[in-house]
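Chemist: File follows, upload.cif with mmCIF, C-alpha atoms and all ligand atoms:
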data_entry
#
loop_
_atom_site.label_atom_id
_atom_site.label_comp_id
_atom_site.auth_asym_id
_atom_site.auth_seq_id
_atom_site.Cartn_x
_atom_site.Cartn_y
_atom_site.Cartn_z
CA MET A 966 0.00 0.00 0.00
CA LEU A 967 2.86 2.33 0.97
CA ALA A 968 6.26 1.34 -0.31
CA LEU A 969 9.57 3.02 0.45
CA LYS A 970 12.25 1.90 -1.97
CA ASN A 971 15.82 2.58 -0.98
CA LEU A 972 14.91 6.01 0.39
CA VAL A 973 17.87 8.35 0.83
CA LYS A 974 17.79 11.85 2.30
CA THR A 975 20.90 13.99 2.30
CA TYR A 976 20.54 17.54 3.59
CA GLU A 977 22.19 20.53 1.90
CA ASN A 978 25.00 20.54 4.45
CA GLY A 979 25.93 17.04 3.23
CA HIS A 980 24.47 15.19 6.22
CA GLN A 981 22.94 11.87 5.18
CA ALA A 982 19.98 11.46 7.54
CA VAL A 983 18.35 8.48 5.77
CA LYS A 984 20.67 5.90 4.21
CA GLY A 985 18.60 3.65 1.97
CA VAL A 986 15.43 2.62 3.78
CA SER A 987 13.09 0.07 2.16
CA VAL A 988 9.80 -1.18 3.57
CA ASP A 989 6.41 -2.37 2.31
CA ILE A 990 3.48 -1.30 4.44
CA LYS A 991 0.14 -3.07 4.17
CA GLN A 992 -3.32 -1.55 3.83
CA GLY A 993 -4.66 -0.58 7.27
CA GLU A 994 -1.39 -1.31 9.03
CA PHE A 995 -0.19 0.83 11.96
CA ILE A 996 3.57 1.27 11.57
CA VAL A 997 5.66 2.97 14.24
CA LEU A 998 9.08 4.43 13.44
CA VAL A 999 11.10 4.46 16.62
CA GLY A 1000 14.67 5.27 17.56
CA PRO A 1001 16.76 7.78 19.48
CA SER A 1002 16.78 11.46 18.63
CA GLY A 1003 18.52 12.16 15.32
CA CYS A 1004 18.12 8.65 13.85
CA GLY A 1005 16.11 9.98 10.88
CA LYS A 1006 12.48 9.33 11.90
CA SER A 1007 11.17 12.81 11.07
CA SER A 1008 13.20 12.95 7.87
CA ILE A 1009 11.43 9.79 6.65
CA LEU A 1010 7.99 11.03 7.70
CA ARG A 1011 8.50 14.46 6.14
CA SER A 1012 9.75 12.83 2.95
CA ILE A 1013 6.56 10.74 2.71
CA ALA A 1014 4.45 13.87 3.32
CA GLY A 1015 6.42 15.79 0.70
CA LEU A 1016 7.65 18.41 3.16
CA GLU A 1017 11.20 17.37 2.23
CA SER A 1018 12.43 16.44 -1.21
CA ILE A 1019 14.24 13.11 -1.30
CA THR A 1020 17.76 12.57 -2.56
CA GLY A 1021 17.37 9.00 -3.79
CA GLY A 1022 14.90 6.14 -4.03
CA GLU A 1023 11.15 6.10 -4.59
CA ILE A 1024 7.93 6.39 -2.59
CA HIS A 1025 4.79 4.59 -3.83
CA LEU A 1026 1.27 4.98 -2.44
CA ASN A 1027 -1.40 2.62 -3.76
CA ASN A 1028 0.71 1.75 -6.81
CA ARG A 1029 1.26 5.40 -7.66
CA ARG A 1030 4.70 6.96 -7.45
CA ILE A 1031 4.28 10.05 -5.25
CA ASP A 1032 7.77 11.29 -4.42
CA ASN A 1033 7.68 13.79 -7.28
CA GLU A 1034 4.12 14.96 -6.54
CA LYS A 1035 3.32 18.13 -4.60
CA PRO A 1036 2.42 17.55 -0.93
CA ALA A 1037 -1.19 18.68 -1.47
CA SER A 1038 -1.87 16.12 -4.19
CA ARG A 1039 -0.47 13.12 -2.26
CA ASP A 1040 -3.71 12.51 -0.31
CA ILE A 1041 -1.88 12.19 2.99
CA ALA A 1042 -2.86 13.83 6.30
CA MET A 1043 -0.30 14.64 8.95
CA VAL A 1044 -0.78 15.21 12.70
CA PHE A 1045 1.99 17.26 14.27
CA GLN A 1046 3.45 17.40 17.76
CA ASN A 1047 2.58 21.09 18.14
CA TYR A 1048 -0.94 20.52 16.68
CA ALA A 1049 -0.46 23.32 14.07
CA LEU A 1050 -3.99 24.67 14.61
CA TYR A 1051 -4.92 28.14 13.35
CA PRO A 1052 -5.21 30.23 16.56
CA HIS A 1053 -7.62 32.83 15.14
CA MET A 1054 -10.11 30.21 13.91
CA THR A 1055 -12.65 28.28 15.97
CA VAL A 1056 -12.41 24.52 16.22
CA TYR A 1057 -15.15 24.21 13.58
CA GLU A 1058 -13.28 26.53 11.20
CA ASN A 1059 -10.04 24.64 11.79
CA LEU A 1060 -11.76 21.40 10.86
CA ALA A 1061 -13.52 22.95 7.85
CA TYR A 1062 -10.54 24.85 6.44
CA GLY A 1063 -8.92 22.11 4.37
CA LEU A 1064 -12.28 20.92 3.04
CA LYS A 1065 -13.35 24.43 2.00
CA ASN A 1066 -10.07 24.85 0.16
CA ARG A 1067 -10.82 21.73 -1.80
CA GLY A 1068 -14.16 23.20 -2.87
CA ILE A 1069 -16.36 20.81 -0.90
CA ASP A 1070 -19.90 22.13 -0.35
CA ARG A 1071 -21.11 23.45 3.02
CA ASP A 1072 -23.58 20.69 3.81
CA THR A 1073 -21.07 17.92 3.19
CA ILE A 1074 -18.53 19.76 5.35
CA GLU A 1075 -21.07 20.14 8.12
CA SER A 1076 -22.06 16.50 8.17
CA LYS A 1077 -18.43 15.34 8.05
CA ILE A 1078 -17.48 17.61 10.95
CA GLU A 1079 -20.49 16.53 12.96
CA LYS A 1080 -19.51 12.89 12.58
CA VAL A 1081 -15.84 13.42 13.41
CA ALA A 1082 -16.66 15.69 16.36
CA LYS A 1083 -18.85 12.95 17.78
CA THR A 1084 -16.20 10.27 17.30
CA LEU A 1085 -13.54 12.43 18.96
CA LYS A 1086 -15.85 13.83 21.65
CA ILE A 1087 -15.16 17.45 20.71
CA ALA A 1088 -18.73 18.39 19.68
CA ASP A 1089 -19.07 20.72 22.69
CA TYR A 1090 -16.02 22.80 21.76
CA LEU A 1091 -16.68 23.53 18.11
CA GLU A 1092 -17.15 27.28 18.65
CA ARG A 1093 -14.07 27.68 20.87
CA LYS A 1094 -10.69 28.98 19.77
CA PRO A 1095 -7.70 26.62 20.31
CA ALA A 1096 -6.33 28.82 23.13
CA LYS A 1097 -9.42 27.90 25.20
CA LEU A 1098 -8.76 24.16 24.92
CA SER A 1099 -6.66 21.79 27.00
CA GLY A 1100 -3.70 20.00 25.44
CA GLY A 1101 -5.69 16.80 25.01
CA GLN A 1102 -8.58 18.64 23.35
CA ARG A 1103 -6.22 20.40 20.95
CA GLN A 1104 -4.68 17.07 20.08
CA ARG A 1105 -8.16 15.71 19.29
CA VAL A 1106 -8.90 18.67 17.04
CA ALA A 1107 -5.62 18.09 15.21
CA MET A 1108 -6.63 14.44 14.74
CA GLY A 1109 -10.09 15.54 13.61
CA ARG A 1110 -8.61 17.77 10.97
CA ALA A 1111 -6.69 14.83 9.58
CA ILE A 1112 -9.71 12.51 9.70
CA VAL A 1113 -12.24 14.78 7.93
CA ARG A 1114 -10.03 14.73 4.87
CA ASP A 1115 -10.53 10.97 4.40
CA PRO A 1116 -6.87 10.55 3.44
CA GLN A 1117 -5.27 7.38 2.14
CA LEU A 1118 -2.53 7.65 4.74
CA PHE A 1119 -2.10 9.17 8.21
CA LEU A 1120 1.27 10.42 9.35
CA PHE A 1121 1.83 11.18 13.03
CA ASP A 1122 4.89 13.14 14.16
CA GLU A 1123 5.28 12.55 17.93
CA PRO A 1124 1.68 13.70 18.48
CA LEU A 1125 1.61 12.98 22.21
CA SER A 1126 4.96 14.32 23.36
CA ASN A 1127 3.52 17.65 24.59
CA LEU A 1128 0.99 15.98 26.91
CA ASP A 1129 1.51 14.99 30.53
CA ALA A 1130 1.99 11.32 31.37
CA SER A 1131 -1.59 10.34 32.27
CA LEU A 1132 -3.15 12.17 29.31
CA ARG A 1133 -0.52 10.66 27.04
CA ALA A 1134 -1.52 7.14 28.12
CA HIS A 1135 -5.19 7.99 27.61
CA MET A 1136 -4.71 9.54 24.15
CA ARG A 1137 -2.48 6.65 23.14
CA LEU A 1138 -5.36 4.29 23.70
CA GLU A 1139 -7.76 6.64 21.87
CA ILE A 1140 -5.48 6.83 18.84
CA LYS A 1141 -5.21 3.06 18.77
CA LYS A 1142 -8.99 2.55 18.93
CA LEU A 1143 -9.60 5.24 16.34
CA GLN A 1144 -7.03 3.83 13.96
CA ARG A 1145 -8.57 0.35 14.25
CA GLU A 1146 -12.03 1.81 13.66
CA LEU A 1147 -11.04 3.88 10.63
CA ALA A 1148 -8.56 1.28 9.35
CA VAL A 1149 -6.47 3.98 7.66
CA THR A 1150 -2.85 2.99 7.05
CA SER A 1151 -0.73 4.97 9.50
CA VAL A 1152 2.91 5.80 10.03
CA TYR A 1153 3.67 7.09 13.52
CA VAL A 1154 6.96 8.57 14.71
CA THR A 1155 8.03 8.45 18.34
CA HIS A 1156 11.15 8.14 20.45
CA ASP A 1157 9.06 6.50 23.18
CA GLN A 1158 9.39 2.72 23.14
CA VAL A 1159 6.21 2.25 25.20
CA GLU A 1160 4.19 4.11 22.55
CA ALA A 1161 5.85 2.02 19.88
CA MET A 1162 5.05 -1.26 21.66
CA THR A 1163 1.43 -0.38 22.47
CA LEU A 1164 0.40 1.18 19.16
CA ALA A 1165 2.20 -0.69 16.44
CA ASP A 1166 1.21 -3.60 14.28
CA ARG A 1167 4.85 -3.50 13.23
CA ILE A 1168 7.73 -1.45 14.62
CA ILE A 1169 10.61 -0.15 12.55
CA VAL A 1170 13.66 0.46 14.75
CA LEU A 1171 16.02 3.01 13.22
CA ASN A 1172 19.66 3.61 14.02
CA GLN A 1173 21.56 6.44 12.33
CA GLY A 1174 19.40 6.51 9.21
CA GLU A 1175 19.25 2.73 8.73
CA ILE A 1176 16.73 0.06 9.69
CA GLU A 1177 17.96 -2.16 12.53
CA GLN A 1178 14.83 -4.30 12.64
CA ILE A 1179 11.26 -4.46 11.37
CA GLY A 1180 8.91 -6.65 13.37
CA THR A 1181 5.81 -6.96 15.52
CA PRO A 1182 6.13 -5.63 19.07
CA ALA A 1183 6.51 -9.23 20.29
CA GLU A 1184 9.28 -9.95 17.77
CA VAL A 1185 11.37 -6.90 18.60
CA TYR A 1186 10.96 -7.59 22.33
CA HIS A 1187 11.54 -11.35 22.28
CA GLN A 1188 13.96 -11.61 19.35
CA PRO A 1189 15.79 -8.30 19.12
CA ALA A 1190 18.03 -8.36 16.03
CA SER A 1191 20.90 -6.54 17.73
CA THR A 1192 22.11 -5.19 21.05
CA PHE A 1193 20.96 -1.78 19.79
CA VAL A 1194 17.33 -2.95 19.46
CA ALA A 1195 17.59 -4.95 22.69
CA SER A 1196 18.70 -1.90 24.65
CA PHE A 1197 16.17 0.42 23.03
CA ILE A 1198 13.04 -1.74 23.36
CA GLY A 1199 12.13 -2.74 26.91
CA SER A 1200 12.48 -0.68 30.06
CA PRO A 1201 14.67 -0.78 32.03
CA ALA A 1202 17.11 -1.84 29.35
CA MET A 1203 18.49 -5.34 28.88
CA ASN A 1204 21.68 -6.25 30.80
CA PHE A 1205 24.67 -7.37 28.74
CA HIS A 1206 27.53 -9.50 30.03
CA GLN A 1207 30.41 -11.10 28.26
CA ALA A 1208 30.36 -14.92 28.12
CA GLU A 1209 31.94 -17.75 26.13
CA ILE A 1210 30.20 -20.32 23.98
CA ALA A 1211 31.60 -23.53 22.46
CA ASP A 1212 29.67 -26.56 21.15
CA GLY A 1213 26.45 -25.18 22.59
CA VAL A 1214 27.91 -24.79 26.09
CA ILE A 1215 27.68 -21.29 27.50
CA ASN A 1216 30.17 -20.40 30.22
CA PHE A 1217 29.07 -17.56 32.43
CA GLU A 1218 29.97 -16.74 36.02
CA HIS A 1219 31.57 -20.16 36.82
CA GLN A 1220 28.58 -21.93 35.36
CA SER A 1221 28.11 -23.93 32.22
CA ILE A 1222 24.87 -24.81 30.55
CA PHE A 1223 24.32 -26.69 27.35
CA ILE A 1224 21.71 -25.31 24.96
CA ALA A 1225 21.22 -27.62 21.98
CA GLU A 1226 19.68 -24.80 19.93
CA TYR A 1227 23.08 -23.08 19.91
CA ALA A 1228 25.28 -26.14 19.29
CA HIS A 1229 25.80 -25.10 15.66
CA LEU A 1230 27.63 -21.89 16.61
CA SER A 1231 31.41 -21.65 16.34
CA ALA A 1232 33.34 -21.16 19.56
CA GLN A 1233 33.36 -17.47 20.37
CA THR A 1234 33.03 -14.72 22.93
CA ILE A 1235 29.44 -13.53 23.08
CA GLN A 1236 27.40 -10.83 24.70
CA LEU A 1237 24.79 -12.48 26.84
CA GLY A 1238 21.61 -10.42 27.15
CA ILE A 1239 19.30 -10.77 30.16
CA ARG A 1240 16.22 -8.59 30.65
CA PRO A 1241 15.68 -7.27 34.21
CA GLU A 1242 12.24 -8.92 34.33
CA HIS A 1243 13.74 -12.31 33.43
CA ALA A 1244 16.30 -12.39 36.26
CA VAL A 1245 14.17 -13.91 39.01
CA LEU A 1246 14.57 -15.19 42.56
CA GLU A 1247 12.88 -18.55 41.95
CA PRO A 1248 15.22 -21.25 40.66
CA SER A 1249 14.39 -22.50 37.19
CA LYS A 1250 14.86 -26.09 36.07
CA SER A 1251 17.05 -25.25 33.13
CA GLY A 1252 18.94 -22.03 33.05
CA LEU A 1253 21.70 -19.99 34.57
CA SER A 1254 22.12 -18.90 38.16
CA PHE A 1255 24.42 -16.13 39.32
CA SER A 1256 25.07 -13.86 42.30
CA LEU A 1257 24.13 -10.22 42.46
CA THR A 1258 25.52 -7.94 45.16
CA VAL A 1259 22.82 -5.36 45.91
CA GLN A 1260 23.78 -1.70 45.64
CA ALA A 1261 20.46 0.14 45.50
CA VAL A 1262 16.74 -0.60 45.36
CA GLU A 1263 14.20 1.59 43.55
CA PRO A 1264 10.58 0.88 44.52
CA LEU A 1265 8.10 1.13 41.63
CA GLY A 1266 4.94 0.28 43.61
CA PRO A 1267 3.93 -3.20 42.50
CA ASN A 1268 7.57 -4.28 42.19
CA GLN A 1269 11.07 -2.84 42.46
CA LEU A 1270 14.29 -2.40 40.54
CA VAL A 1271 17.31 -3.93 42.21
CA HIS A 1272 20.60 -2.50 40.98
CA GLY A 1273 23.77 -4.31 41.84
CA LEU A 1274 26.94 -5.94 40.61
CA VAL A 1275 27.44 -9.26 38.90
CA ASN A 1276 31.16 -9.91 38.89
CA ASP A 1277 31.95 -6.18 39.15
CA LYS A 1278 29.61 -5.26 36.29
CA VAL A 1279 26.33 -3.44 36.85
CA PHE A 1280 23.16 -5.46 36.55
CA THR A 1281 19.51 -4.52 37.11
CA ALA A 1282 16.82 -6.99 38.12
CA LEU A 1283 13.07 -6.50 38.57
CA THR A 1284 11.85 -8.26 41.71
CA PRO A 1285 8.72 -8.31 43.87
CA GLU A 1286 8.63 -5.85 46.79
CA LEU A 1287 11.05 -7.39 49.27
CA HIS A 1288 13.51 -5.86 51.64
CA PHE A 1289 17.12 -6.24 50.54
CA ALA A 1290 19.98 -4.72 52.49
CA SER A 1291 22.82 -2.95 50.73
CA LYS A 1292 25.65 -5.40 49.90
CA GLN A 1293 23.28 -8.37 50.37
CA VAL A 1294 24.09 -11.13 47.92
CA LEU A 1295 21.11 -12.53 45.98
CA THR A 1296 21.05 -15.58 43.77
CA LEU A 1297 19.22 -14.83 40.54
CA HIS A 1298 18.05 -17.30 37.94
CA VAL A 1299 17.27 -16.92 34.31
CA ALA A 1300 15.52 -19.60 32.27
CA LYS A 1301 17.39 -20.62 29.14
CA GLN A 1302 14.62 -19.46 26.80
CA HIS A 1303 15.15 -15.96 28.20
CA LEU A 1304 18.85 -15.80 27.34
CA HIS A 1305 19.71 -13.61 24.35
CA LEU A 1306 22.98 -14.21 22.52
CA PHE A 1307 24.74 -11.57 20.46
CA ASP A 1308 28.06 -11.81 18.64
CA LYS A 1309 30.93 -9.43 19.29
CA ASN A 1310 29.45 -6.96 16.78
CA GLY A 1311 26.14 -6.93 18.61
CA GLN A 1312 24.22 -9.00 16.03
CA ARG A 1313 21.76 -11.60 17.34
CA LEU A 1314 22.93 -15.22 17.15
CA GLN A 1315 19.97 -17.26 15.98
CA ALA A 1316 18.93 -20.40 17.81
CA LEU A 1317 18.11 -23.42 15.67
CA ALA A 1318 14.55 -24.64 16.04
CA GLN A 1319 14.39 -27.18 18.87
CA GLU A 1320 13.48 -30.13 16.59
CA VAL A 1321 16.36 -29.33 14.23
CA ALA A 1322 18.79 -28.96 17.15
CA GLN A 1323 17.77 -32.29 18.66
CA ALA A 1324 18.02 -34.12 15.34
CA SER A 1325 21.53 -32.89 14.58
P1 LIG B 1 14.72 12.24 14.40
O1 LIG B 1 13.37 12.61 13.90
O2 LIG B 1 14.91 10.75 14.48
O3 LIG B 1 15.12 12.93 15.65
P2 LIG B 1 15.65 13.73 12.11
O4 LIG B 1 15.08 13.06 10.92
O5 LIG B 1 14.98 14.98 12.58
O6 LIG B 1 15.78 12.68 13.30
O7 LIG B 1 17.17 14.08 11.84
C1 LIG B 1 18.10 13.12 11.37
C2 LIG B 1 19.46 13.78 11.23
O8 LIG B 1 19.40 14.76 10.20
C3 LIG B 1 19.94 14.49 12.47
O9 LIG B 1 21.31 14.29 12.60
C4 LIG B 1 19.62 15.94 12.20
O10 LIG B 1 20.51 16.79 12.87
C5 LIG B 1 19.78 16.03 10.69
N1 LIG B 1 18.89 17.06 10.08
C6 LIG B 1 17.55 17.15 10.22
N2 LIG B 1 17.06 18.19 9.52
C7 LIG B 1 18.12 18.79 8.93
C8 LIG B 1 18.28 19.92 8.05
N3 LIG B 1 17.24 20.64 7.64
N4 LIG B 1 19.54 20.20 7.64
C9 LIG B 1 20.60 19.46 8.05
N5 LIG B 1 20.51 18.38 8.85
C10 LIG B 1 19.29 18.04 9.30
#
Kindly return the structure encoded in the file as structure tokens.
Modeler:
Amino acid sequence: MLALKNLVKTYENGHQAVKGVSVDIKQGEFIVLVGPSGCGKSSILRSIAGLESITGGEIHLNNRRIDNEKPASRDIAMVFQNYALYPHMTVYENLAYGLKNRGIDRDTIESKIEKVAKTLKIADYLERKPAKLSGGQRQRVAMGRAIVRDPQLFLFDEPLSNLDASLRAHMRLEIKKLQRELAVTSVYVTHDQVEAMTLADRIIVLNQGEIEQIGTPAEVYHQPASTFVASFIGSPAMNFHQAEIADGVINFEHQSIFIAEYAHLSAQTIQLGIRPEHAVLEPSKSGLSFSLTVQAVEPLGPNQLVHGLVNDKVFTALTPELHFASKQVLTLHVAKQHLHLFDKNGQRLQALAQEVAQAS
């Protein structure tokens, strides 16, 4: 439905912000572009919208090449972080503006606005100016303005980042419901991994203008393609410790375990990744155990973060609310299916399927 083919964006100062990005996005799909500040998210979004010209590659929307079309003729609606509402116009006029410009008659405009205002619960504010609205209401109006246009594609540029935490969580859910209801293909930019996980059908993780991984939220969380993705998705971030592997035997902290699914790997030094929520106090039947010397505990309410040292290297675990004294030594366990293996360059080492591993 939307296809980016080897998209390249180089700015006038010579900075290459997007270095050949290719992706096929399906009809009705909700795609989230996520990555740290400066990784090229906005450059990609603005290129799709036509607010930036591209340096190389092609953009196709519904089998039509659009990268050389003017922004107005691309049939794309964009929702911005700062809402971009006209301050001197009422909510109604803001919603009607784009439609009027396209020569749509008054009655059609009125019925469209009525419907959208009802969906977004802004019907009571139609005569107000944006200055008299809360942040959440302004954000709804900005969404409404995109929806009344019936576009083929929605683009969202960090639309929730100006809202406080509770409103952000609320609006996040509203956007998700609305997108499901309208089934309009959407590309959403955020640096917030929670937004990415909760909203996306598929997440695109970007690193310095290149795609690190494309996958469902479950895939990027459970099978991160690299240490970069593993540290970006999931909070608090995954712990990494050096370990050795040979013939499927992992040596870590004076312990060895054999994992048949990794027996095909050549002997090498690896980075072993363990998520804080997978380092638990209960022993597991198959897995690794290691000692953590407690340094500090951060209560979160339902559970707590325990920061400490594993063989002189910092490690964070998520445990139930229990009292641990400073310097107390805990034994933590991690089940083998929760171990992530990365090579020395930070690329994920794939496990063989269990049946294949057992047969070989
Ligand atoms: P993100 O949205 O992920 O924060 P951007 O797409 O805004 O990233 O920027 C990607 C890179 O391109 C950054 O290094 C940024 O400084 C640079 N950049 C963005 N806009 C311009 C511009 N108009 N001219 C030069 N460099 C730019």
Chemist: Using only C-alpha atoms and all ligand atoms, which residues have at least one atom no more than 10 Å from ligand LIG 1 (chain B)? Output them as an mmCIF file with C-alpha atoms, keeping the file's coordinate frame.
Modeler:
data_model
loop_
_atom_site.group_PDB
_atom_site.id
_atom_site.type_symbol
_atom_site.label_atom_id
_atom_site.label_comp_id
_atom_site.auth_asym_id
_atom_site.auth_seq_id
_atom_site.Cartn_x
_atom_site.Cartn_y
_atom_site.Cartn_z
ATOM 1 C CA LYS A 974 17.790 11.850 2.300
ATOM 2 C CA THR A 975 20.900 13.990 2.300
ATOM 3 C CA TYR A 976 20.540 17.540 3.590
ATOM 4 C CA GLU A 977 22.190 20.530 1.900
ATOM 5 C CA ASN A 978 25.000 20.540 4.450
ATOM 6 C CA GLY A 979 25.930 17.040 3.230
ATOM 7 C CA HIS A 980 24.470 15.190 6.220
ATOM 8 C CA GLN A 981 22.940 11.870 5.180
ATOM 9 C CA ALA A 982 19.980 11.460 7.540
ATOM 10 C CA VAL A 983 18.350 8.480 5.770
ATOM 11 C CA LEU A 998 9.080 4.430 13.440
ATOM 12 C CA VAL A 999 11.100 4.460 16.620
ATOM 13 C CA GLY A 1000 14.670 5.270 17.560
ATOM 14 C CA PRO A 1001 16.760 7.780 19.480
ATOM 15 C CA SER A 1002 16.780 11.460 18.630
ATOM 16 C CA GLY A 1003 18.520 12.160 15.320
ATOM 17 C CA CYS A 1004 18.120 8.650 13.850
ATOM 18 C CA GLY A 1005 16.110 9.980 10.880
ATOM 19 C CA LYS A 1006 12.480 9.330 11.900
ATOM 20 C CA SER A 1007 11.170 12.810 11.070
ATOM 21 C CA SER A 1008 13.200 12.950 7.870
ATOM 22 C CA ILE A 1009 11.430 9.790 6.650
ATOM 23 C CA LEU A 1010 7.990 11.030 7.700
ATOM 24 C CA ARG A 1011 8.500 14.460 6.140
ATOM 25 C CA SER A 1012 9.750 12.830 2.950
ATOM 26 C CA GLU A 1017 11.200 17.370 2.230
ATOM 27 C CA ASP A 1122 4.890 13.140 14.160
ATOM 28 C CA GLU A 1123 5.280 12.550 17.930
ATOM 29 C CA VAL A 1154 6.960 8.570 14.710
ATOM 30 C CA THR A 1155 8.030 8.450 18.340
ATOM 31 C CA HIS A 1156 11.150 8.140 20.450
ATOM 32 C CA LEU A 1171 16.020 3.010 13.220
ATOM 33 C CA ASN A 1172 19.660 3.610 14.020
ATOM 34 C CA GLN A 1173 21.560 6.440 12.330
ATOM 35 C CA GLY A 1174 19.400 6.510 9.210
#
Chemist: Please determine the residues with any atom at most 8 Å from (3.7, -4.8, 3.7) (coordinates as given in the file, with only C-alpha atoms counting) and report them as a PyMOL selection string.
Modeler: chain A and resi 966-968+988-992
Chemist: Near A:Phe1289, within 8 Å and counting all atoms listed in the file, which residues show up once chain neighbours fewer than 3 positions away are dropped, as a ChimeraX atom specification?
Modeler: /A:1259,1262,1293
Chemist: Choose the residue, out of A:Tyr1048, A:Lys1083, A:Glu1160, A:His1053, that has the smallest atom-to-atom separation from A:Arg1110; count all atoms listed in the file.
Modeler: A:Tyr1048
Chemist: For A:Val1321, list every protein, DNA or RNA residue within 12 Å, evaluated using all atoms listed in the file, and leave out those in the same chain fewer than 5 positions away; present the list as a VMD selection string.
Modeler: chain A and resid 1225 to 1229 1316
Chemist: Can you pull out every residue within 8 Å of stretch 1096-1103 of chain A, counting all atoms listed in the file, but drop anything in the same chain fewer than 3 positions away, and send it as a list in words?
Modeler: Tyr1048, Leu1050, Pro1052, Ile1087, Arg1093, Val1106, Ala1107, Asn1127, Leu1128, Leu1132 and Met1136 of chain A
Chemist: Quick one: residues within 10 Å of A:Gly1266, only C-alpha atoms counted, chain neighbours fewer than 2 positions away excluded, as a PDB file with C-alpha atoms, keeping the file's coordinate frame?
Modeler:
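After the write, part35.pdb holds the following:
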ATOM      1  CA  GLU A1263      14.200   1.590  43.550  1.00  0.00           C
ATOM      2  CA  PRO A1264      10.580   0.880  44.520  1.00  0.00           C
ATOM      3  CA  ASN A1268       7.570  -4.280  42.190  1.00  0.00           C
ATOM      4  CA  GLN A1269      11.070  -2.840  42.460  1.00  0.00           C
ATOM      5  CA  PRO A1285       8.720  -8.310  43.870  1.00  0.00           C
ATOM      6  CA  GLU A1286       8.630  -5.850  46.790  1.00  0.00           C
TER       7      GLU A1286
END
Chemist: Figure out the distance between atom CA of A:Arg1067 and atom CA of A:Lys1094, please, to one decimal in Å.
Modeler: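 Pair atom CA of A:Lys1094 / atom CA of A:Arg1067 returns 22.8 Å.
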Chemist: Find the residues near A:Leu1016: any atom within 12 Å, counting only C-alpha atoms, skip ones fewer than 6 places away on the same chain, and give them as a PDB file with C-alpha atoms, in the frame of the given file.
Modeler:
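Output file part15.pdb is given in full below:
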ATOM      1  CA  SER A1007      11.170  12.810  11.070  1.00  0.00           C
ATOM      2  CA  SER A1008      13.200  12.950   7.870  1.00  0.00           C
ATOM      3  CA  ILE A1009      11.430   9.790   6.650  1.00  0.00           C
ATOM      4  CA  LEU A1010       7.990  11.030   7.700  1.00  0.00           C
ATOM      5  CA  ASP A1032       7.770  11.290  -4.420  1.00  0.00           C
ATOM      6  CA  ASN A1033       7.680  13.790  -7.280  1.00  0.00           C
ATOM      7  CA  GLU A1034       4.120  14.960  -6.540  1.00  0.00           C
ATOM      8  CA  LYS A1035       3.320  18.130  -4.600  1.00  0.00           C
ATOM      9  CA  PRO A1036       2.420  17.550  -0.930  1.00  0.00           C
ATOM     10  CA  ALA A1037      -1.190  18.680  -1.470  1.00  0.00           C
ATOM     11  CA  ARG A1039      -0.470  13.120  -2.260  1.00  0.00           C
ATOM     12  CA  ILE A1041      -1.880  12.190   2.990  1.00  0.00           C
ATOM     13  CA  ALA A1042      -2.860  13.830   6.300  1.00  0.00           C
ATOM     14  CA  MET A1043      -0.300  14.640   8.950  1.00  0.00           C
ATOM     15  CA  LEU A1120       1.270  10.420   9.350  1.00  0.00           C
TER      16      LEU A1120
END
Chemist: Give me, please, the distance in Å between atom CA of A:Lys1250 and atom CA of A:Glu1184, quoted to one decimal.
Modeler: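 Separation between atom CA of A:Lys1250 and atom CA of A:Glu1184: 25.0 Å.
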Chemist: When you draw a straight line from atom CA of A:Val1294 to atom CA of A:Ser1256, how long is it in Å?
Modeler: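 Calculated distance between atom CA of A:Val1294 and atom CA of A:Ser1256 is 6.3 Å.
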Chemist: Could you tell me which of A:Asn1028, A:Thr1234, A:Ser1196, A:Asn1276 comes closest to A:Ala1211 if we count all atoms listed in the file?
Modeler: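 Of A:Asn1028, A:Thr1234, A:Ser1196, A:Asn1276, the one nearest A:Ala1211 is A:Thr1234, counting all atoms listed in the file.
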Chemist: So, with only C-alpha atoms as the atoms that count, which of A:Ile1198, A:Ala1130, A:Met1054, A:Leu1257 lies closest to A:Glu1092?
Modeler: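 Smallest separation from A:Glu1092 among the options: A:Met1054.
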